[in-house]
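Peer 1: Contents of coords.cif (mmCIF, C-alpha atoms):
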data_work
#
loop_
_atom_site.label_atom_id
_atom_site.label_comp_id
_atom_site.auth_asym_id
_atom_site.auth_seq_id
_atom_site.Cartn_x
_atom_site.Cartn_y
_atom_site.Cartn_z
CA MET A 193 19.81 -0.97 18.40
CA ALA A 194 16.07 -0.59 17.82
CA PHE A 195 12.88 -1.34 15.95
CA LEU A 196 12.18 1.50 13.51
CA ASP A 197 9.40 2.76 11.29
CA GLU A 198 9.97 4.61 8.02
CA ASP A 199 10.29 8.07 9.59
CA LYS A 200 13.00 6.94 12.02
CA LEU A 201 14.77 4.96 9.28
CA ALA A 202 14.85 7.99 6.96
CA LYS A 203 16.43 10.09 9.71
CA LEU A 204 18.96 7.37 10.52
CA LEU A 205 20.10 7.10 6.90
CA LYS A 206 20.89 10.82 6.85
CA GLU A 207 23.68 10.12 9.33
CA GLU A 208 26.90 8.15 8.91
CA ILE A 209 26.14 4.41 8.80
CA SER A 210 27.29 3.02 12.15
CA ASN A 211 25.15 -0.14 12.26
CA ASN A 212 26.21 -3.19 10.30
CA ILE A 213 23.17 -5.46 10.83
CA TRP A 214 19.89 -4.59 9.11
CA LEU A 215 16.44 -6.09 8.59
CA LEU A 216 14.07 -4.39 6.13
CA PHE A 217 10.47 -5.57 5.75
CA GLY A 218 6.93 -4.18 5.43
CA ASP A 219 4.05 -3.82 2.98
CA ASP A 220 5.30 -1.01 0.70
CA ALA A 221 7.41 -2.56 -2.07
CA PHE A 222 8.48 0.76 -3.58
CA LEU A 223 9.70 2.26 -0.30
CA LYS A 224 11.45 -0.96 0.73
CA ASP A 225 13.40 -1.00 -2.54
CA PHE A 226 14.20 2.70 -2.14
CA TYR A 227 15.65 2.34 1.35
CA CYS A 228 17.46 -0.89 0.57
CA ASN A 229 19.16 0.68 -2.45
CA LYS A 230 19.98 3.77 -0.43
CA LEU A 231 21.56 1.69 2.32
CA ILE A 232 23.65 -0.22 -0.23
CA SER A 233 24.78 3.00 -1.94
CA LEU A 234 25.82 4.47 1.41
CA THR A 235 27.84 1.36 2.16
CA VAL A 236 29.52 0.37 -1.12
CA ASP A 237 31.21 2.51 -3.74
CA GLU A 238 29.63 1.80 -7.14
CA SER A 239 33.01 1.39 -8.81
CA LEU A 240 33.99 -1.33 -6.30
CA LYS A 241 30.70 -3.20 -6.17
CA PHE A 242 32.14 -6.20 -7.98
CA PHE A 243 34.49 -6.81 -5.05
CA ASN A 244 32.50 -5.53 -2.08
CA PHE A 245 28.86 -6.36 -2.78
CA HIS A 246 27.45 -9.89 -2.50
CA ALA A 247 23.82 -10.90 -3.03
CA TYR A 248 22.07 -14.06 -1.85
CA ASP A 249 18.50 -15.32 -1.97
CA GLU A 250 16.16 -17.65 -0.08
CA LYS A 251 17.86 -20.75 -1.52
CA SER A 252 21.32 -19.84 -0.27
CA GLU A 253 23.04 -21.61 2.61
CA LEU A 254 23.59 -19.61 5.80
CA GLU A 255 27.04 -21.17 6.15
CA GLU A 256 28.08 -19.67 2.80
CA ILE A 257 26.59 -16.29 3.68
CA PHE A 258 28.43 -16.06 7.00
CA ALA A 259 31.65 -17.31 5.39
CA THR A 260 31.45 -14.45 2.90
CA ALA A 261 30.86 -12.04 5.77
CA GLU A 262 34.39 -12.75 6.98
CA ASN A 263 35.94 -11.40 3.76
CA LEU A 264 37.72 -8.09 4.10
CA PRO A 265 36.64 -5.20 1.84
CA VAL A 266 38.78 -4.31 -1.18
CA MET A 267 40.06 -0.71 -1.18
CA SER A 268 37.11 0.31 0.96
CA GLU A 269 36.01 0.45 4.59
CA LYS A 270 32.92 -1.72 4.10
CA THR A 271 31.69 -4.77 2.30
CA CYS A 272 27.94 -5.34 1.88
CA ILE A 273 25.93 -8.59 1.90
CA LEU A 274 22.30 -8.51 0.76
CA VAL A 275 20.13 -11.53 1.62
CA LYS A 276 16.69 -11.53 -0.01
CA ASN A 277 13.64 -13.32 1.37
CA TYR A 278 15.50 -15.86 3.50
CA PRO A 279 12.90 -17.96 5.42
CA LEU A 280 14.11 -17.31 8.95
CA ASN A 281 10.67 -18.34 10.22
CA GLN A 282 11.38 -21.89 9.05
CA LEU A 283 14.47 -22.31 11.22
CA SER A 284 14.23 -24.46 14.34
CA ASP A 285 14.72 -22.77 17.71
CA LYS A 286 18.23 -24.22 17.85
CA ALA A 287 19.06 -23.06 14.30
CA LEU A 288 17.67 -19.59 15.03
CA LYS A 289 19.86 -19.36 18.12
CA THR A 290 22.90 -20.37 16.06
CA PHE A 291 21.92 -17.77 13.45
CA ALA A 292 21.84 -15.05 16.12
CA GLU A 293 25.28 -16.09 17.39
CA ASN A 294 26.77 -16.01 13.88
CA LEU A 295 25.13 -12.68 13.16
CA SER A 296 26.59 -11.15 16.31
CA ASP A 297 30.08 -12.31 15.29
CA ILE A 298 30.29 -10.72 11.83
CA PRO A 299 33.09 -8.15 11.56
CA GLU A 300 32.26 -4.45 11.79
CA SER A 301 33.55 -4.00 8.25
CA THR A 302 30.66 -6.13 6.92
CA VAL A 303 27.19 -4.64 6.51
CA MET A 304 24.59 -7.41 6.32
CA ILE A 305 21.07 -6.66 5.09
CA PHE A 306 18.23 -9.15 5.32
CA PHE A 307 15.64 -7.77 2.91
CA TYR A 308 12.10 -9.08 2.38
CA SER A 309 10.79 -7.90 -0.97
CA SER A 310 8.24 -10.61 -1.77
CA VAL A 311 7.75 -12.33 1.58
CA ASP A 312 5.19 -11.20 4.14
CA VAL A 313 7.03 -10.98 7.44
CA GLN A 314 4.14 -11.56 9.80
CA TYR A 315 5.44 -9.55 12.70
CA SER A 316 3.10 -8.88 15.61
CA PRO A 317 4.58 -7.82 18.97
CA LYS A 318 1.51 -9.15 20.78
CA LYS A 319 1.99 -12.71 19.51
CA SER A 320 4.73 -15.29 19.87
CA SER A 321 6.11 -16.48 16.51
CA LYS A 322 9.32 -17.30 14.67
CA TRP A 323 9.07 -14.03 12.75
CA ASN A 324 8.83 -12.12 16.02
CA SER A 325 11.91 -13.94 17.29
CA ALA A 326 13.81 -13.08 14.11
CA VAL A 327 12.81 -9.40 14.30
CA GLU A 328 13.89 -9.27 17.96
CA ILE A 329 17.32 -10.65 17.04
CA PHE A 330 17.88 -7.82 14.54
CA SER A 331 16.45 -5.23 16.95
CA LYS A 332 19.00 -6.27 19.61
CA LEU A 333 22.01 -6.62 17.31
CA GLY A 334 21.32 -3.84 14.81
CA VAL A 335 18.31 -2.29 13.10
CA ALA A 336 14.93 -3.82 12.27
CA ALA A 337 12.82 -1.50 10.12
CA GLN A 338 9.18 -2.08 9.17
CA ILE A 339 8.41 -0.01 6.07
CA ASN A 340 4.67 0.21 5.46
CA HIS A 341 2.48 2.36 3.22
CA ARG A 342 2.61 6.00 4.19
CA THR A 343 -0.49 7.65 5.59
CA PRO A 344 -2.54 9.49 2.93
CA ALA A 345 -1.83 12.82 4.62
CA LYS A 346 1.92 12.24 4.52
CA THR A 347 1.77 11.02 0.92
CA ALA A 348 -0.27 14.08 -0.11
CA LYS A 349 2.40 16.38 1.32
CA LEU A 350 5.07 14.43 -0.58
CA LEU A 351 3.14 14.93 -3.84
CA MET A 352 2.82 18.65 -3.14
CA SER A 353 6.60 18.85 -2.72
CA LYS A 354 7.31 16.77 -5.83
CA ALA A 355 4.94 18.92 -7.91
CA LYS A 356 7.22 21.91 -7.30
CA ASP A 357 10.16 19.88 -8.61
CA ARG A 358 8.09 19.17 -11.75
CA GLY A 359 7.44 22.88 -12.32
CA THR A 360 3.78 22.71 -11.36
CA SER A 361 1.65 22.58 -8.21
CA ILE A 362 -1.02 20.45 -6.58
CA ASP A 363 -3.01 21.46 -3.52
CA TYR A 364 -3.64 19.15 -0.58
CA ASP A 365 -7.25 18.26 -1.45
CA THR A 366 -6.35 17.46 -5.06
CA ALA A 367 -3.43 15.30 -3.93
CA MET A 368 -5.82 13.41 -1.66
CA TYR A 369 -8.19 12.98 -4.63
CA LEU A 370 -5.36 11.46 -6.67
CA ILE A 371 -4.55 9.02 -3.85
CA MET A 372 -8.22 8.07 -3.57
CA SER A 373 -8.44 7.60 -7.35
CA VAL A 374 -5.39 5.43 -8.01
CA GLY A 375 -4.64 3.90 -4.60
CA ASP A 376 -1.75 4.27 -2.15
CA ASP A 377 0.78 1.93 -3.77
CA MET A 378 3.71 4.33 -4.12
CA GLN A 379 4.99 3.04 -7.46
CA THR A 380 1.56 3.25 -9.12
CA LEU A 381 0.81 6.58 -7.48
CA LEU A 382 4.05 8.21 -8.65
CA ASN A 383 3.54 6.89 -12.20
CA GLU A 384 0.07 8.45 -12.36
CA PHE A 385 1.32 11.61 -10.65
CA ASN A 386 4.07 12.06 -13.25
CA LYS A 387 1.52 11.61 -16.04
CA VAL A 388 -0.83 14.27 -14.71
CA CYS A 389 2.06 16.68 -14.04
CA SER A 390 3.19 16.36 -17.66
CA PHE A 391 -0.40 16.87 -18.85
CA SER A 392 -0.77 20.01 -16.71
CA GLU A 393 2.03 21.77 -18.69
CA GLY A 394 2.96 23.88 -15.68
CA ASN A 395 -0.58 24.74 -14.63
CA PRO A 396 -1.90 23.71 -11.21
CA VAL A 397 -3.10 20.09 -11.22
CA THR A 398 -6.89 19.77 -10.93
CA PRO A 399 -9.25 16.85 -10.25
CA GLU A 400 -10.43 17.16 -13.87
CA MET A 401 -6.87 16.59 -15.10
CA ILE A 402 -6.62 13.52 -12.88
CA ASP A 403 -9.87 12.15 -14.30
CA LYS A 404 -8.58 12.65 -17.85
CA THR A 405 -5.13 11.13 -17.43
CA SER A 406 -5.04 8.63 -14.56
CA VAL A 407 -5.93 4.95 -14.53
CA LYS A 408 -8.27 4.62 -11.60
CA SER A 409 -8.23 1.70 -9.20
CA VAL A 410 -11.16 -0.71 -9.32
CA GLU A 411 -12.39 0.70 -6.00
CA ALA A 412 -12.32 4.27 -7.32
CA SER A 413 -14.05 3.35 -10.59
CA VAL A 414 -16.76 1.40 -8.77
CA PHE A 415 -17.19 4.32 -6.37
CA ASP A 416 -17.88 6.47 -9.44
CA ILE A 417 -20.52 3.91 -10.48
CA SER A 418 -22.18 4.23 -7.09
CA THR A 419 -22.17 8.05 -7.11
CA SER A 420 -23.57 7.99 -10.66
CA ILE A 421 -26.40 5.76 -9.44
CA PHE A 422 -27.00 8.08 -6.49
CA SER A 423 -27.25 11.10 -8.78
CA GLY A 424 -29.57 9.32 -11.22
CA ASP A 425 -26.99 9.24 -14.05
CA THR A 426 -27.35 5.56 -14.99
CA ASP A 427 -25.83 6.17 -18.45
CA LYS A 428 -22.55 7.17 -16.79
CA ALA A 429 -22.76 4.18 -14.43
CA PHE A 430 -23.09 1.78 -17.37
CA ALA A 431 -20.29 3.55 -19.26
CA ILE A 432 -17.92 3.03 -16.32
CA LEU A 433 -19.07 -0.58 -16.02
CA ASN A 434 -18.35 -1.20 -19.72
CA GLU A 435 -14.84 0.17 -19.29
CA LEU A 436 -14.21 -2.12 -16.30
CA LEU A 437 -15.46 -5.10 -18.28
CA ARG A 438 -13.25 -4.08 -21.21
CA GLN A 439 -10.32 -4.20 -18.81
CA LYS A 440 -11.46 -7.73 -17.84
CA THR A 441 -12.14 -6.77 -14.24
CA PRO A 442 -13.73 -9.80 -12.51
CA ALA A 443 -17.40 -9.47 -11.60
CA ALA A 444 -16.59 -10.49 -8.02
CA SER A 445 -14.21 -7.53 -7.69
CA ILE A 446 -16.80 -5.07 -8.98
CA ILE A 447 -19.54 -6.47 -6.76
CA GLY A 448 -17.19 -6.47 -3.76
CA ALA A 449 -16.23 -2.82 -4.28
CA LEU A 450 -19.87 -1.81 -4.81
CA SER A 451 -20.81 -3.64 -1.63
CA GLY A 452 -18.11 -1.71 0.22
CA ALA A 453 -19.59 1.58 -1.02
CA TYR A 454 -23.06 0.64 0.18
CA VAL A 455 -21.73 -0.62 3.52
CA ASN A 456 -20.17 2.83 3.99
CA ILE A 457 -23.55 4.40 3.24
CA TYR A 458 -25.30 2.09 5.70
CA ARG A 459 -22.80 2.95 8.43
CA TYR A 460 -23.02 6.65 7.62
CA LYS A 461 -26.84 6.57 7.73
CA THR A 462 -26.72 4.76 11.08
CA ALA A 463 -24.39 7.45 12.43
CA LEU A 464 -26.66 10.24 11.16
CA ASN A 465 -29.67 8.59 12.77
CA ALA A 466 -27.71 8.57 16.04
CA ASP A 467 -26.88 12.30 15.62
CA LYS A 468 -23.17 11.60 15.09
CA SER A 469 -20.91 13.93 13.10
CA ILE A 470 -18.68 12.83 10.20
CA SER A 471 -15.64 12.98 12.50
CA ASP A 472 -17.43 10.83 15.11
CA PHE A 473 -18.45 8.39 12.39
CA SER A 474 -14.93 8.22 10.90
CA SER A 475 -13.36 7.65 14.30
CA LEU A 476 -15.92 5.00 15.27
CA PHE A 477 -15.31 2.87 12.18
CA GLY A 478 -11.59 3.60 11.80
CA TYR A 479 -11.80 5.57 8.55
CA GLY A 480 -8.75 7.66 7.72
CA GLU A 481 -8.51 11.14 6.27
CA LYS A 482 -8.48 9.68 2.76
CA TYR A 483 -12.19 8.90 3.11
CA SER A 484 -13.32 12.48 3.86
CA TYR A 485 -13.76 13.08 0.12
CA THR A 486 -15.83 9.88 -0.13
CA PHE A 487 -18.19 10.92 2.64
CA ASN A 488 -18.66 14.36 1.16
CA LYS A 489 -19.65 12.74 -2.15
CA ILE A 490 -22.20 10.38 -0.57
CA SER A 491 -23.49 12.76 2.10
CA ALA A 492 -26.47 14.18 0.16
CA TYR A 493 -27.60 10.76 -1.06
CA THR A 494 -27.26 9.23 2.39
CA ARG A 495 -29.27 11.97 4.03
CA LYS A 496 -32.20 11.68 1.61
CA SER A 497 -32.24 7.87 1.42
CA LYS A 498 -34.40 5.66 3.58
CA MET A 499 -32.71 3.03 5.68
CA SER A 500 -35.06 0.43 4.19
CA SER A 501 -33.78 1.25 0.67
CA ILE A 502 -30.15 0.95 1.76
CA ARG A 503 -30.86 -2.43 3.35
CA LYS A 504 -32.61 -3.54 0.16
CA ALA A 505 -29.53 -2.51 -1.84
CA LEU A 506 -27.31 -4.64 0.43
CA ASP A 507 -29.66 -7.61 -0.10
CA ILE A 508 -29.45 -7.12 -3.88
CA LEU A 509 -25.64 -6.99 -3.70
CA ALA A 510 -25.47 -10.11 -1.53
CA ASP A 511 -27.66 -11.97 -4.02
CA ALA A 512 -25.47 -10.82 -6.92
CA ASP A 513 -22.35 -11.95 -5.06
CA ILE A 514 -23.81 -15.44 -4.63
CA LYS A 515 -24.78 -15.60 -8.32
CA SER A 516 -21.32 -14.48 -9.43
CA LYS A 517 -19.79 -17.46 -7.61
CA SER A 518 -22.39 -20.09 -8.44
CA SER A 519 -24.02 -19.15 -11.74
CA ALA A 520 -22.80 -19.59 -15.30
CA ALA A 521 -24.39 -16.30 -16.32
CA ALA A 522 -22.10 -13.91 -18.20
CA ASP A 523 -20.59 -11.11 -16.12
CA VAL A 524 -22.08 -8.44 -18.36
CA ILE A 525 -25.61 -9.78 -17.83
CA LEU A 526 -25.18 -10.19 -14.09
CA LEU A 527 -23.68 -6.73 -13.57
CA THR A 528 -26.11 -4.96 -15.90
CA GLU A 529 -28.99 -6.47 -13.95
CA LEU A 530 -27.34 -5.46 -10.66
CA ILE A 531 -26.90 -1.80 -11.60
CA SER A 532 -30.44 -1.64 -13.00
CA LYS A 533 -31.87 -2.94 -9.71
CA LEU A 534 -29.78 -0.53 -7.64
CA ALA A 535 -30.81 2.39 -9.88
CA GLU A 536 -34.50 1.50 -9.40
CA LEU A 537 -34.14 2.03 -5.67
CA GLY A 538 -33.38 5.68 -6.30
#
Produce structure tokens that represent the structure in this file.

Peer 2:
Amino acid sequence: MAFLDEDKLAKLLKEEISNNIWLLFGDDAFLKDFYCNKLISLTVDESLKFFNFHAYDEKSELEEIFATAENLPVMSEKTCILVKNYPLNQLSDKALKTFAENLSDIPESTVMIFFYSSVDVQYSPKKSSKWNSAVEIFSKLGVAAQINHRTPAKTAKLLMSKAKDRGTSIDYDTAMYLIMSVGDDMQTLLNEFNKVCSFSEGNPVTPEMIDKTSVKSVEASVFDISTSIFSGDTDKAFAILNELLRQKTPAASIIGALSGAYVNIYRYKTALNADKSISDFSSLFGYGEKYSYTFNKISAYTRKSKMSSIRKALDILADADIKSKSSAAADVILLTELISKLAELG
């Protein structure tokens, strides 16, 4: 039938299931599970699952799977076969051709789902590979759906809708702040969203509520360190650092995230020096809408800073990165020294 993204898949699953061959893959574990479970529920009656639902994994034999596909459903129109993480990319060209022939011969009463929950299906239409060949087989015979992380804008609108269901509200900018704070993994995001909605007790969700209740990602926490340094609040920077160390966050992760923050500043300063706007800058470096809040936070610091100071900061970070990988110095000493040096630059 076709190669689909999440939007097209969602629309397709609102209709009567007419396809019996499915491939689900992508980088969003939560959404993949959601759509796989939805497809199964639309195919098999829960009370008859024992008879009409069969699950296999990467260690199963294809001969057994296709033999099961020939079984007729019991007191139902459909039987469903779920195959998780089968390594189709490891099949020879001949075996892959045989697989396609067997797949095309399964009866219409059998719905077969190849589902990749923990395997990275490295699909790239511009390259020739076994994964591409496998995806093309499903695209021709049924449905191949790549389910990736939603865009921040789309996720923010989802949170706004879900807030109403929770008896509260969250505006677009605050939803974007939550995404920036905890990351775009849907499972983690919804967990933190539910926490802040409960904390709000029916009042509109605010950034302050998010700060009080959510567990921030390493990137967000380190960004707070950088903005604290920019504003001259080194006490807050060290407090955030101590919390990250308490959580046993590796020094390399903290240094890497800090380096990313300063690279953004360097790029932003370069754009300002070239009389480019924030939108020009974001487009040039491929930054999404999620980063607009970040640039607003660093704008004042970037404008007042000298390019020489920013370059010096990058040198300090590069030196700290080398030490973290080659020195026996304790993380707390290395990172305390790093933040002190960055703070001295002003």

Peer 1: Applied to this file, what does the PyMOL selection byres ((chain A and resi 232-241) around 8) return in terms of residues, put as a VMD selection string?

Peer 2: chain A and resid 209 228 to 231 242 to 245 266 to 268 270 to 272 303

Peer 1: Could you work out how far atom CA of A:Lys206 lies from atom CA of A:Glu384, giving the answer in Å with one decimal?

Peer 2: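 Computing it gives 28.4 Å between the two atoms.
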
Peer 1: Have a look at A:Ser361, A:Lys496, A:Lys356, A:Pro299 and name the one nearest to A:Asn263; count only C-alpha atoms.

Peer 2: A:Pro299

Peer 1: I'd like to see the residues matched by the PyMOL selection byres ((chain A and resi 328) around 12) on this file, and ideally I'd get them as a list in words.

Peer 2: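 In the shown coordinates, the PyMOL selection byres ((chain A and resi 328) around 12) covers Met193, Ala194, Phe195, Leu196, Trp214, Leu215, Leu288, Lys289, Ala292, Tyr315, Ser316, Pro317, Ser320, Ser321, Lys322, Trp323, Asn324, Ser325, Ala326, Val327, Ile329, Phe330, Ser331, Lys332, Leu333, Gly334, Val335, Ala336 and Ala337 of chain A.
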
Peer 1: Mind giving me the straight-line distance from atom CA of A:Phe306 to atom CA of A:Asp377 in Å, one decimal?

Peer 2: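 Going from atom CA of A:Phe306 over to atom CA of A:Asp377 covers 22.6 Å.
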
Peer 1: With distances taken over all atoms listed in the file, which residue among A:Asn294, A:Met304, A:Asp523, A:Thr419 lies nearest A:Arg438?

Peer 2: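 Using all atoms listed in the file, A:Arg438 sits closest to A:Asp523.
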
Peer 1: Find the residue from A:Asn277, A:Thr302, A:Thr528, A:Ser310 that sits nearest to A:Thr426; use all atoms listed in the file when measuring.

Peer 2: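 Answer, going by the shortest atom-to-atom distance: A:Thr528.
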
Peer 1: State, in Å with one decimal place, the distance from atom CA of A:Ala261 to atom CA of A:Tyr308.

Peer 2: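 Computed distance, atom CA of A:Ala261 to atom CA of A:Tyr308, equals 19.3 Å.
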